[in-house]
Amino acid sequence: MNRRGFGFVTPSVGGEDVFIPPSGIGGAMHGDRVRVHYWPSPKGLEGEVYTVLERRLSKVVGILRRVRGSCWLEADDLRLRTPMQVVGEIPSGIRAGIEVVATIREYPKRAGDAPQVEILERLGPKGVAQVEVEKIKLIEGIEEAFPSAVLEEAEELDVHINRQLWRTYEDLRGLDFATIDPSDARDHDDALFAEELGSNGFRVLIAIADVAHYVAPDGAIDREAQLRGFSIYLPDRAIPMLPPKLSTHVCSLIPDHDRLTLGVEVSLSPDGVIRKHRFVRAVIRSRARLTYDGVAHALGLSKQAEPQRQASYMVERVRVLMNLAMRLRERRLKRGSMDLDIPEAKIRLDPSSGEPLDSFQSRKDPGIAQAYNMVEEFMLLANEVVARDFVDGALPTIYRVHGAPDPKKLETFATTAAAFGFHFDPEAAERPKELAKFIKALSGSPQAPVLHMLLLRAMQQAQYDVHNIGHYGLASKAYLHFTSPIRRYPDLLVHREVHALLASKVLPSRRVRDTLKLHAVQSSRLERRAMSVEREVVDLYRAIIMRAHVGQTFEATVSGISPKGFYCTISTPYVEAFCPVAELGDDYYDYAESGLSWVGRRCGRSFTLGDRLVIRIEDVSIAQRQIVAVPEGQLSRTQLRSGKKPERSHRSKKPARPSRVPKKRHR
């Protein structure tokens, strides 16, 4: 739903979205599963809601209002019908203007109807991290606690490895498997073992937790996993797809514990060419829980990384993994796989209060990044090997697909690259190998981070589908997700299919493909929801951090240009601030046709992608997750209207602004 009253419906079998005008919404609300009538229109498919099949939301969050003796709830989520009529008794201590949680008692039946809600409880003070995170969860309809039926089914699971299992699972407990994850990892669903065979190359085993053995199709755990789709990772905790008994215990490859796994054994030549492979059901016992820091330090990749005794003890085994990973990576990049360096923010929290203390760039240390890439290579290897088997056997499954970029977006990117002095051929970029060459040419240049981000925005979003179109970004003809069944439902489905293959079970292809198609569409939607929640929570924490820095100056890089201003990235703390051009009080600014800069009419000052400058934090909006700034030495128009006099910047000898304030703001 859009706040203006119209909406879009995504067909459950995939395909083009259907536009629903306000007159066709009926009693539907944002997130509902509906049946629609639709028809072609000049702008695409258009339709109307025929009936509501399933309601998504049961709880809402908002502010209690009183109007002429009646109580109404003003929902925080502007995609919902608001205001909502409050019914029932209001708990004591709750008054108008307070943020509350309510449950929907009666849904709208037709257009114009207001939902009826009952107030449950006071949510808590605005701006507190835990309260704001709870609001995000409620808005997205995320329930953290598992239903009792799911927990009961998990408790009743037989986790003993009996004689029956030993007949179908190999005993690989004698091999030096190890998990390698971040130091704060909440689950460990993959373990690695590799050995060098001299002139015969390498042998590697990629063991993945055998979740499918414990999660029966259409059981309580399985149905809940379908609804969740993905684990959601927040700075302070994970909201798992599977109940804790499975996600953090039985299916987590904890050191010195026997665990059931389903994986692949791959034999490779000395230069990393796959010679043969096989699926392996095995019982393993991980030797150690290694960290990226520990691996980087043990291999001498980083002096700043935190040392780990277990990594030092297993350094020779880890060295074999790194040598093989480097060969795999070299071959992958050579075929045209893209290597975009997109930094991510990581939040440090106060252990007692849970409030954010700092935001920093993850994997900034090259050595730690190399350790991360080492593990990533083996996950990519396993995913590709499994996908090729399904393609070769013409077997139905869910692929992870990534289409070629939109030609128009590539042309726009070519214009941007040219402005920075880089030649980019949009037609050649239709081939992943040519685009990979361009990315390599950017390596080391100051503009590389900005161009990497712009190129990522020009790409299509990867998704799940039963039709294999390949993966453009990886330059792979066939790719799927197999390596994380603890936290991704599509991986669990692929595991079930591999088990069926090993048991020589064949299901009717048509029926399987139709079911998988529904799962693929739903998984793509739930993945976007999980990513949105994770991103919004991080943005929330970054905004809370910057509340204490209002009025302070920071060095920053212009990282984005929009029709309303420009974005600047601060490295310490690692946050992004927005500079609205309407607030710049020293000149009229015009949006350049190239879309790369804002240029002042009189003074000629410009703000261009990649520029380094000093900005001053003016305001922080927790509700909008936005940090607002202006270039140092300038007064915002709000300050000018309040009569504040301009001051000279301590970094510049020029006046902050001319004495006369222009009336027209900007185009």
# chains A, B, ... in the order shown; residues from 1 in each chain; ligands from 1
call {"tool": "select_by_dssp", "arguments": {"residues": "stretch 302-487 of chain A", "states": "helix (DSSP H, G or I)", "output": "NGL selection string"}}
result
:A and (309-313 or 315-335 or 366-392 or 407-419 or 428-430 or 432-442 or 448-458)
call {"tool": "write_last_selection", "arguments": {"atoms": "C-alpha atoms", "output": "compact mmCIF listing (two decimals), in the first residue's frame"}}
result
# COMPACT_ATOMS: atom_id res chain seq x y z
CA ARG A 309 45.03 -20.10 20.06
CA GLN A 310 42.89 -22.64 18.19
CA ALA A 311 43.63 -20.95 14.86
CA SER A 312 47.36 -21.06 15.58
CA TYR A 313 47.07 -24.75 16.46
CA VAL A 315 47.31 -23.10 11.05
CA GLU A 316 48.63 -25.73 8.60
CA ARG A 317 45.12 -27.01 7.86
CA VAL A 318 43.90 -23.44 7.46
CA ARG A 319 46.83 -22.65 5.16
CA VAL A 320 45.70 -25.41 2.78
CA LEU A 321 42.20 -23.90 2.76
CA MET A 322 43.63 -20.47 1.95
CA ASN A 323 45.87 -21.78 -0.85
CA LEU A 324 42.95 -23.54 -2.50
CA ALA A 325 40.60 -20.58 -1.98
CA MET A 326 43.06 -18.26 -3.73
CA ARG A 327 43.08 -20.56 -6.77
CA LEU A 328 39.29 -20.76 -6.80
CA ARG A 329 39.00 -16.99 -6.50
CA GLU A 330 41.48 -16.41 -9.31
CA ARG A 331 39.51 -18.69 -11.64
CA ARG A 332 36.20 -17.11 -10.64
CA LEU A 333 37.40 -13.56 -11.28
CA LYS A 334 38.98 -14.64 -14.55
CA ARG A 335 35.65 -15.90 -15.89
CA PRO A 366 42.33 -6.32 4.52
CA GLY A 367 43.61 -9.41 6.32
CA ILE A 368 40.29 -10.10 8.02
CA ALA A 369 38.50 -9.46 4.72
CA GLN A 370 40.76 -12.05 3.08
CA ALA A 371 39.84 -14.62 5.75
CA TYR A 372 36.15 -13.88 5.11
CA ASN A 373 36.68 -14.26 1.35
CA MET A 374 38.40 -17.61 1.91
CA VAL A 375 35.29 -19.10 3.51
CA GLU A 376 33.05 -17.42 0.93
CA GLU A 377 34.90 -19.18 -1.91
CA PHE A 378 34.03 -22.60 -0.53
CA MET A 379 30.39 -21.64 -0.03
CA LEU A 380 30.26 -20.47 -3.66
CA LEU A 381 31.93 -23.70 -4.76
CA ALA A 382 29.37 -25.88 -2.96
CA ASN A 383 26.41 -23.86 -4.23
CA GLU A 384 27.60 -24.07 -7.84
CA VAL A 385 28.41 -27.77 -7.70
CA VAL A 386 24.93 -28.60 -6.40
CA ALA A 387 23.25 -26.32 -8.96
CA ARG A 388 25.11 -27.95 -11.86
CA ASP A 389 23.89 -31.37 -10.79
CA PHE A 390 20.27 -30.22 -10.90
CA VAL A 391 20.76 -28.55 -14.29
CA ASP A 392 22.49 -31.59 -15.76
CA PRO A 407 20.78 -1.25 -20.44
CA LYS A 408 19.37 2.21 -19.61
CA LYS A 409 20.85 2.10 -16.12
CA LEU A 410 24.20 1.05 -17.57
CA GLU A 411 24.10 4.02 -19.94
CA THR A 412 23.46 6.34 -17.01
CA PHE A 413 26.34 4.75 -15.14
CA ALA A 414 28.59 5.18 -18.21
CA THR A 415 27.90 8.93 -18.11
CA THR A 416 28.85 9.04 -14.43
CA ALA A 417 32.03 7.03 -14.99
CA ALA A 418 33.04 9.33 -17.87
CA ALA A 419 32.67 12.36 -15.59
CA ALA A 428 30.22 -4.54 -23.61
CA ALA A 429 29.00 -4.72 -20.00
CA GLU A 430 26.21 -7.05 -21.09
CA PRO A 432 29.99 -10.14 -17.07
CA LYS A 433 33.64 -10.59 -18.05
CA GLU A 434 33.82 -7.09 -19.57
CA LEU A 435 32.19 -5.52 -16.53
CA ALA A 436 34.63 -7.37 -14.26
CA LYS A 437 37.53 -5.86 -16.23
CA PHE A 438 36.15 -2.38 -15.66
CA ILE A 439 35.80 -3.02 -11.90
CA LYS A 440 39.40 -4.22 -11.79
CA ALA A 441 40.51 -1.02 -13.56
CA LEU A 442 38.91 1.00 -10.75
CA ALA A 448 36.25 3.33 -6.60
CA PRO A 449 33.96 3.21 -3.50
CA VAL A 450 31.47 5.65 -5.03
CA LEU A 451 31.46 3.95 -8.43
CA HIS A 452 31.11 0.52 -6.83
CA MET A 453 28.00 1.69 -5.00
CA LEU A 454 26.52 3.33 -8.12
CA LEU A 455 27.20 0.19 -10.15
CA LEU A 456 25.50 -1.95 -7.52
CA ARG A 457 22.40 0.28 -7.78
CA ALA A 458 22.39 -0.23 -11.56
call {"tool": "residues_around", "arguments": {"residues": "A:Leu80", "least_positions_apart": "5", "cutoff": "8 Å", "atoms": "only C-alpha atoms", "output": "compact mmCIF listing (two decimals) with N, CA, C and O atoms, in the first residue's frame"}}
result
# COMPACT_ATOMS: atom_id res chain seq x y z
N MET A 1 0.84 -1.19 0.00
CA MET A 1 0.00 0.00 0.00
C MET A 1 0.87 1.24 0.00
O MET A 1 1.97 1.26 0.56
N ARG A 3 0.85 5.46 0.91
CA ARG A 3 0.13 6.37 1.79
C ARG A 3 -0.93 7.19 1.07
O ARG A 3 -1.85 7.73 1.68
N MET A 29 -5.76 -4.40 3.33
CA MET A 29 -4.75 -3.59 4.02
C MET A 29 -3.36 -4.05 3.59
O MET A 29 -3.19 -5.12 2.99
N HIS A 30 -2.37 -3.22 3.90
CA HIS A 30 -0.99 -3.53 3.52
C HIS A 30 -0.58 -4.90 4.07
O HIS A 30 -0.78 -5.21 5.24
N ALA A 75 -1.55 5.42 13.28
CA ALA A 75 -0.52 4.39 13.06
C ALA A 75 0.80 4.99 12.61
O ALA A 75 0.83 5.94 11.81
call {"tool": "residues_around", "arguments": {"residues": "A:Ala503", "least_positions_apart": "5", "cutoff": "12 Å", "atoms": "only C-alpha atoms", "output": "MDAnalysis selection string"}}
result
chainID A and resid 168 279 281 496:498
call {"tool": "write_last_selection", "arguments": {"atoms": "C-alpha atoms", "output": "short mmCIF file (atom, residue, chain, number, x, y, z; two decimals), in the first residue's frame"}}
result
data_model
loop_
_atom_site.label_atom_id
_atom_site.label_comp_id
_atom_site.auth_asym_id
_atom_site.auth_seq_id
_atom_site.Cartn_x
_atom_site.Cartn_y
_atom_site.Cartn_z
CA THR A 168 23.24 -44.12 5.88
CA PHE A 279 27.20 -35.61 -2.11
CA ARG A 281 25.87 -37.57 4.33
CA ARG A 496 15.43 -32.15 0.97
CA GLU A 497 15.85 -32.60 -2.77
CA VAL A 498 19.46 -33.75 -2.37
#
call {"tool": "select_by_dssp", "arguments": {"residues": "stretch 478-667 of chain A", "states": "strand (DSSP E)", "output": "ChimeraX atom specification"}}
result
/A:553-562,565-570,575-580,589-591,597-600,606-608,612-621,626-631
call {"tool": "atom_distance", "arguments": {"atom1": "atom CA of A:Leu45", "atom2": "atom CA of A:Met459"}}
result
24.1 Å
call {"tool": "residues_around", "arguments": {"residues": "A:Thr572", "least_positions_apart": "3", "cutoff": "10 Å", "atoms": "only C-alpha atoms", "output": "list in words"}}
result
Asp358, Ser359, Phe360, Gln361, Phe554, Glu555, Ala556, Thr569 and Val575 of chain A
call {"tool": "residues_around", "arguments": {"residues": "A:Ile136", "least_positions_apart": "2", "cutoff": "8 Å", "atoms": "only C-alpha atoms", "output": "PyMOL selection string"}}
result
chain A and resi 132-134+138-140+533+536-537
call {"tool": "atom_distance", "arguments": {"atom1": "atom CA of A:Arg33", "atom2": "atom CA of A:Val52"}}
result
6.2 Å
call {"tool": "residues_around", "arguments": {"residues": "stretch 220-235 of chain A", "least_positions_apart": "3", "cutoff": "7 Å", "atoms": "only C-alpha atoms", "output": "list in words"}}
result
Ala149, Val150, Glu153, Val215, Ala216, Pro217, Ala238, Ile239, Pro240, Met241, Leu242, Ile347, Arg487, Arg488, Tyr489, Ser523, Leu526, Glu527, Ala530 and Glu534 of chain A
call {"tool": "atom_distance", "arguments": {"atom1": "atom CA of A:Gly444", "atom2": "atom CA of A:His423"}}
result
16.2 Å
call {"tool": "residues_around", "arguments": {"residues": "A:Phe482", "least_positions_apart": "5", "cutoff": "7 Å", "atoms": "only C-alpha atoms", "output": "PyMOL selection string"}}
result
chain A and resi 383+491+494-495
call {"tool": "write_last_selection", "arguments": {"atoms": "C-alpha atoms", "output": "PDB file, in the first residue's frame"}}
result
ATOM      1  CA  ASN A 383      26.408 -23.859  -4.230  1.00  0.00           C
ATOM      2  CA  ASP A 491      18.454 -23.939   1.343  1.00  0.00           C
ATOM      3  CA  VAL A 494      17.350 -27.863  -1.694  1.00  0.00           C
ATOM      4  CA  HIS A 495      18.645 -30.140   1.102  1.00  0.00           C
TER       5      HIS A 495
END
call {"tool": "closest_residue", "arguments": {"among": "A:Asn200, A:Ser571, A:Ser562, A:Ser12", "to": "A:Trp598", "atoms": "only C-alpha atoms"}}
result
A:Ser562
